[in-house]
Amino acid sequence: MVIRFLSQHGYYFFLAVGAAAMLALMVWRRKRYSLYVAQAFLYTLLLLITGIAGAKILFFFESGLTSFSGMSFFGAVYLVLLVMPLIGLVFRMKPMDSLDACAPCVAAIVGFQRFGCYCAGCCGGIPLGESGAVWPTQLMEGFGDMVILCFLLAMERRETNRG
């Protein structure tokens with residue numbers, strides 16, 4: 001039953017888990033960036049909207065300007081890099097502090113989203129010869145993103161690593 005649920009709804013389930021992880025990370029780390037809880041919620045919401053918009057926009061261009069039905073990971077990254085420093089100014093954050101604040105959140109949601117890709121089968125992985133077996137690239141990327149998340153959180157604790 002769980003396998004069936006994940007194969008049908010895994011992509012959006014893990015996207016929701018990633019969004020919840022983003023929110024938890026931002027609320028937990030809010031004092032470092034002088035944010036109130038409500039501001040941390042709003043900042044996370046704007047980060048999520050920016051990422052999804054970027055993913056949809058780049059997919060639209062990749063599809064030959066024909067469809068918004070998918071998402072392209074790099075569109076999210078590029079738009080977040082362009083927009084979040086400006087959004088940070090609204091919260092009285094330096095642009096580099098704004099990027100520091102959103103980097104672990106992005107690693108979390110991308111990692112969970114990769115698990116969702118694996119469940120949904122939208123990214124096929126790498127075929128291993130003619131046997132029909134597939135190397136689960138999405139799972140490896142998801143675990144790699146979680147390692148990056150841990151690294152970013154460890155590095156954030158050092159004052160010398162601001163910006």
# chains A, B, ... in the order shown; residues from 1 in each chain; ligands from 1
call {"tool": "select_by_dssp", "arguments": {"residues": "chain A", "states": "alpha helix (DSSP H)", "output": "PyMOL selection string"}}
result
chain A and resi 2-28+37-62+73-90+95-120+137-156
call {"tool": "residues_around", "arguments": {"residues": "Arg158 (chain A)", "least_positions_apart": "6", "cutoff": "12 Å", "atoms": "only C-alpha atoms", "output": "list in words"}}
result
Arg32, Phe151 and Leu152 of chain A
call {"tool": "atom_distance", "arguments": {"atom1": "CA of Phe91 (chain A)", "atom2": "CA of Leu58 (chain A)"}}
result
27.2 Å
call {"tool": "closest_residue", "arguments": {"among": "A:Ile87, A:Ile126, A:Ser72, A:Gln113", "to": "Phe60 (chain A)", "atoms": "only C-alpha atoms"}}
result
A:Ser72
call {"tool": "closest_residue", "arguments": {"among": "A:Val80, A:Ala120, A:Val90, A:Leu99", "to": "Tyr11 (chain A)", "atoms": "only C-alpha atoms"}}
result
A:Ala120
call {"tool": "residues_around", "arguments": {"residues": "Gly75 (chain A)", "least_positions_apart": "4", "cutoff": "12 Å", "atoms": "only C-alpha atoms", "output": "compact mmCIF listing (two decimals) with all heavy atoms, in the first residue's frame"}}
result
# COMPACT_ATOMS: atom_id res chain seq x y z
N THR A 50 9.51 31.31 -5.35
CA THR A 50 10.57 31.66 -6.29
C THR A 50 11.15 30.40 -6.94
O THR A 50 11.35 30.36 -8.16
CB THR A 50 11.69 32.45 -5.58
OG1 THR A 50 11.12 33.63 -5.01
CG2 THR A 50 12.79 32.82 -6.54
N GLY A 51 11.41 29.38 -6.14
CA GLY A 51 11.98 28.14 -6.67
C GLY A 51 11.04 27.44 -7.64
O GLY A 51 11.45 27.02 -8.73
N ILE A 52 9.78 27.33 -7.27
CA ILE A 52 8.81 26.67 -8.16
C ILE A 52 8.62 27.48 -9.44
O ILE A 52 8.57 26.92 -10.53
CB ILE A 52 7.47 26.42 -7.42
CG1 ILE A 52 7.68 25.35 -6.35
CG2 ILE A 52 6.38 26.01 -8.40
CD1 ILE A 52 6.48 25.13 -5.45
N ALA A 53 8.55 28.81 -9.30
CA ALA A 53 8.40 29.65 -10.50
C ALA A 53 9.60 29.47 -11.43
O ALA A 53 9.43 29.32 -12.65
CB ALA A 53 8.24 31.11 -10.10
N GLY A 54 10.80 29.48 -10.87
CA GLY A 54 11.99 29.29 -11.70
C GLY A 54 12.01 27.94 -12.39
O GLY A 54 12.36 27.82 -13.57
N ALA A 55 11.60 26.89 -11.65
CA ALA A 55 11.57 25.53 -12.22
C ALA A 55 10.56 25.44 -13.34
O ALA A 55 10.80 24.80 -14.37
CB ALA A 55 11.27 24.51 -11.13
N LYS A 56 9.41 26.08 -13.16
CA LYS A 56 8.37 26.06 -14.20
C LYS A 56 8.79 26.88 -15.42
O LYS A 56 8.57 26.46 -16.56
CB LYS A 56 7.05 26.60 -13.65
CG LYS A 56 6.38 25.71 -12.64
CD LYS A 56 5.78 24.52 -13.34
CE LYS A 56 4.94 23.69 -12.41
NZ LYS A 56 4.39 22.51 -13.08
N ILE A 57 9.37 28.04 -15.19
CA ILE A 57 9.78 28.91 -16.30
C ILE A 57 10.83 28.23 -17.16
O ILE A 57 10.73 28.22 -18.39
CB ILE A 57 10.29 30.27 -15.77
CG1 ILE A 57 9.12 31.08 -15.20
CG2 ILE A 57 11.00 31.07 -16.87
CD1 ILE A 57 9.54 32.29 -14.38
N LEU A 58 11.87 27.65 -16.53
CA LEU A 58 12.91 26.99 -17.33
C LEU A 58 12.34 25.78 -18.06
O LEU A 58 12.70 25.53 -19.22
CB LEU A 58 14.11 26.59 -16.48
CG LEU A 58 15.29 26.04 -17.28
CD1 LEU A 58 15.77 27.04 -18.34
CD2 LEU A 58 16.43 25.67 -16.36
N PHE A 59 11.44 25.03 -17.43
CA PHE A 59 10.83 23.90 -18.12
C PHE A 59 10.06 24.39 -19.35
O PHE A 59 10.08 23.74 -20.40
CB PHE A 59 9.90 23.10 -17.20
CG PHE A 59 9.33 21.89 -17.88
CD1 PHE A 59 10.05 20.71 -17.92
CD2 PHE A 59 8.09 21.93 -18.51
CE1 PHE A 59 9.54 19.59 -18.57
CE2 PHE A 59 7.57 20.83 -19.16
CZ PHE A 59 8.30 19.66 -19.18
N PHE A 60 9.38 25.52 -19.21
CA PHE A 60 8.64 26.08 -20.34
C PHE A 60 9.58 26.35 -21.53
O PHE A 60 9.27 26.02 -22.67
CB PHE A 60 7.93 27.36 -19.90
CG PHE A 60 7.16 28.04 -20.98
CD1 PHE A 60 6.00 27.48 -21.50
CD2 PHE A 60 7.57 29.27 -21.48
CE1 PHE A 60 5.28 28.12 -22.50
CE2 PHE A 60 6.85 29.92 -22.47
CZ PHE A 60 5.71 29.34 -22.98
N PHE A 61 10.74 26.92 -21.23
CA PHE A 61 11.70 27.17 -22.31
C PHE A 61 12.29 25.87 -22.86
O PHE A 61 12.48 25.73 -24.07
CB PHE A 61 12.82 28.11 -21.83
CG PHE A 61 12.38 29.53 -21.73
CD1 PHE A 61 12.21 30.12 -20.49
CD2 PHE A 61 12.12 30.28 -22.86
CE1 PHE A 61 11.79 31.44 -20.38
CE2 PHE A 61 11.70 31.60 -22.77
CZ PHE A 61 11.53 32.18 -21.53
N GLU A 62 12.57 24.91 -21.97
CA GLU A 62 13.10 23.62 -22.43
C GLU A 62 12.10 22.84 -23.27
O GLU A 62 12.50 22.05 -24.12
CB GLU A 62 13.52 22.76 -21.22
CG GLU A 62 14.76 23.26 -20.53
CD GLU A 62 15.09 22.46 -19.27
OE1 GLU A 62 14.25 21.65 -18.81
OE2 GLU A 62 16.20 22.64 -18.76
N GLY A 70 5.94 20.42 -16.37
CA GLY A 70 7.03 19.83 -15.61
C GLY A 70 7.82 20.89 -14.84
O GLY A 70 7.42 22.05 -14.76
N MET A 71 8.94 20.45 -14.29
CA MET A 71 9.82 21.37 -13.57
C MET A 71 11.26 21.07 -13.96
O MET A 71 11.62 19.92 -14.18
CB MET A 71 9.67 21.21 -12.06
CG MET A 71 8.37 21.71 -11.52
SD MET A 71 8.49 21.91 -9.75
CE MET A 71 6.85 21.53 -9.24
N LEU A 79 16.79 31.25 -10.52
CA LEU A 79 15.89 32.31 -10.09
C LEU A 79 16.09 32.63 -8.60
O LEU A 79 16.04 33.80 -8.22
CB LEU A 79 14.43 31.96 -10.39
CG LEU A 79 13.46 33.14 -10.33
CD1 LEU A 79 13.85 34.22 -11.34
CD2 LEU A 79 12.04 32.69 -10.59
N VAL A 80 16.35 31.62 -7.79
CA VAL A 80 16.62 31.87 -6.36
C VAL A 80 17.86 32.74 -6.21
O VAL A 80 17.87 33.69 -5.42
CB VAL A 80 16.75 30.53 -5.59
CG1 VAL A 80 17.42 30.74 -4.23
CG2 VAL A 80 15.39 29.89 -5.41
N LEU A 81 18.90 32.44 -6.98
CA LEU A 81 20.14 33.24 -6.90
C LEU A 81 19.90 34.69 -7.31
O LEU A 81 20.53 35.60 -6.79
CB LEU A 81 21.23 32.63 -7.77
CG LEU A 81 21.88 31.37 -7.24
CD1 LEU A 81 22.82 30.77 -8.28
CD2 LEU A 81 22.63 31.64 -5.96
N LEU A 82 19.00 34.92 -8.24
CA LEU A 82 18.72 36.28 -8.70
C LEU A 82 17.76 37.04 -7.78
O LEU A 82 17.95 38.23 -7.53
CB LEU A 82 18.11 36.23 -10.11
CG LEU A 82 19.03 35.82 -11.24
CD1 LEU A 82 18.26 35.66 -12.53
CD2 LEU A 82 20.15 36.84 -11.41
N VAL A 83 16.74 36.35 -7.27
CA VAL A 83 15.65 37.04 -6.57
C VAL A 83 15.83 37.10 -5.05
O VAL A 83 15.50 38.12 -4.43
CB VAL A 83 14.30 36.37 -6.93
CG1 VAL A 83 13.16 36.94 -6.11
CG2 VAL A 83 14.02 36.54 -8.42
call {"tool": "closest_residue", "arguments": {"among": "A:Ile148, A:Leu139, A:Ala133, A:Ser98", "to": "Leu46 (chain A)", "atoms": "only C-alpha atoms"}}
result
A:Ser98
call {"tool": "closest_residue", "arguments": {"among": "A:Leu42, A:Met84, A:Leu153, A:Asp145", "to": "Ala107 (chain A)", "atoms": "only C-alpha atoms"}}
result
A:Asp145
call {"tool": "residues_around", "arguments": {"residues": "Pro104 (chain A)", "least_positions_apart": "5", "cutoff": "12 Å", "atoms": "only C-alpha atoms", "output": "mmCIF file with C-alpha atoms, in the first residue's frame"}}
result
data_model
loop_
_atom_site.group_PDB
_atom_site.id
_atom_site.type_symbol
_atom_site.label_atom_id
_atom_site.label_comp_id
_atom_site.auth_asym_id
_atom_site.auth_seq_id
_atom_site.Cartn_x
_atom_site.Cartn_y
_atom_site.Cartn_z
ATOM 1 C CA GLY A 18 10.830 19.237 1.451
ATOM 2 C CA ALA A 19 8.738 22.387 1.909
ATOM 3 C CA ALA A 21 11.832 20.811 6.025
ATOM 4 C CA MET A 22 12.549 24.263 4.558
ATOM 5 C CA LEU A 23 10.132 25.849 6.983
ATOM 6 C CA ALA A 24 11.531 23.950 9.964
ATOM 7 C CA LEU A 25 15.089 24.911 9.027
ATOM 8 C CA MET A 26 14.204 28.575 8.587
ATOM 9 C CA TRP A 28 15.050 26.964 13.714
ATOM 10 C CA ARG A 29 17.735 29.291 12.266
ATOM 11 C CA THR A 44 10.266 30.472 3.368
ATOM 12 C CA LEU A 47 11.695 31.128 -1.340
ATOM 13 C CA SER A 98 19.891 36.149 2.393
ATOM 14 C CA LEU A 99 21.681 33.593 0.217
ATOM 15 C CA ILE A 109 13.858 20.635 -0.686
ATOM 16 C CA VAL A 110 15.968 19.529 -3.660
ATOM 17 C CA GLY A 111 17.086 16.428 -1.764
ATOM 18 C CA ASP A 145 21.911 16.866 -1.254
ATOM 19 C CA MET A 146 21.392 15.740 2.335
ATOM 20 C CA VAL A 147 25.178 15.576 2.794
ATOM 21 C CA ILE A 148 25.417 19.093 1.344
ATOM 22 C CA LEU A 149 22.684 20.209 3.757
ATOM 23 C CA CYS A 150 24.641 18.854 6.735
ATOM 24 C CA PHE A 151 27.826 20.496 5.453
ATOM 25 C CA LEU A 152 26.091 23.870 5.017
ATOM 26 C CA LEU A 153 24.611 23.720 8.514
ATOM 27 C CA ALA A 154 28.019 22.852 9.989
ATOM 28 C CA MET A 155 29.725 25.662 8.082
ATOM 29 C CA GLU A 156 27.024 28.152 9.069
#
call {"tool": "closest_residue", "arguments": {"among": "A:Val77, A:Tyr36, A:Met96, A:Ser69", "to": "Arg162 (chain A)", "atoms": "only C-alpha atoms"}}
result
A:Met96
call {"tool": "residues_around", "arguments": {"residues": "Gly10 (chain A)", "least_positions_apart": "4", "cutoff": "9 Å", "atoms": "only C-alpha atoms", "output": "ChimeraX atom specification"}}
result
/A:5-6,14-15,115-120
call {"tool": "atom_distance", "arguments": {"atom1": "CA of Val27 (chain A)", "atom2": "CA of Leu45 (chain A)"}}
result
11.9 Å
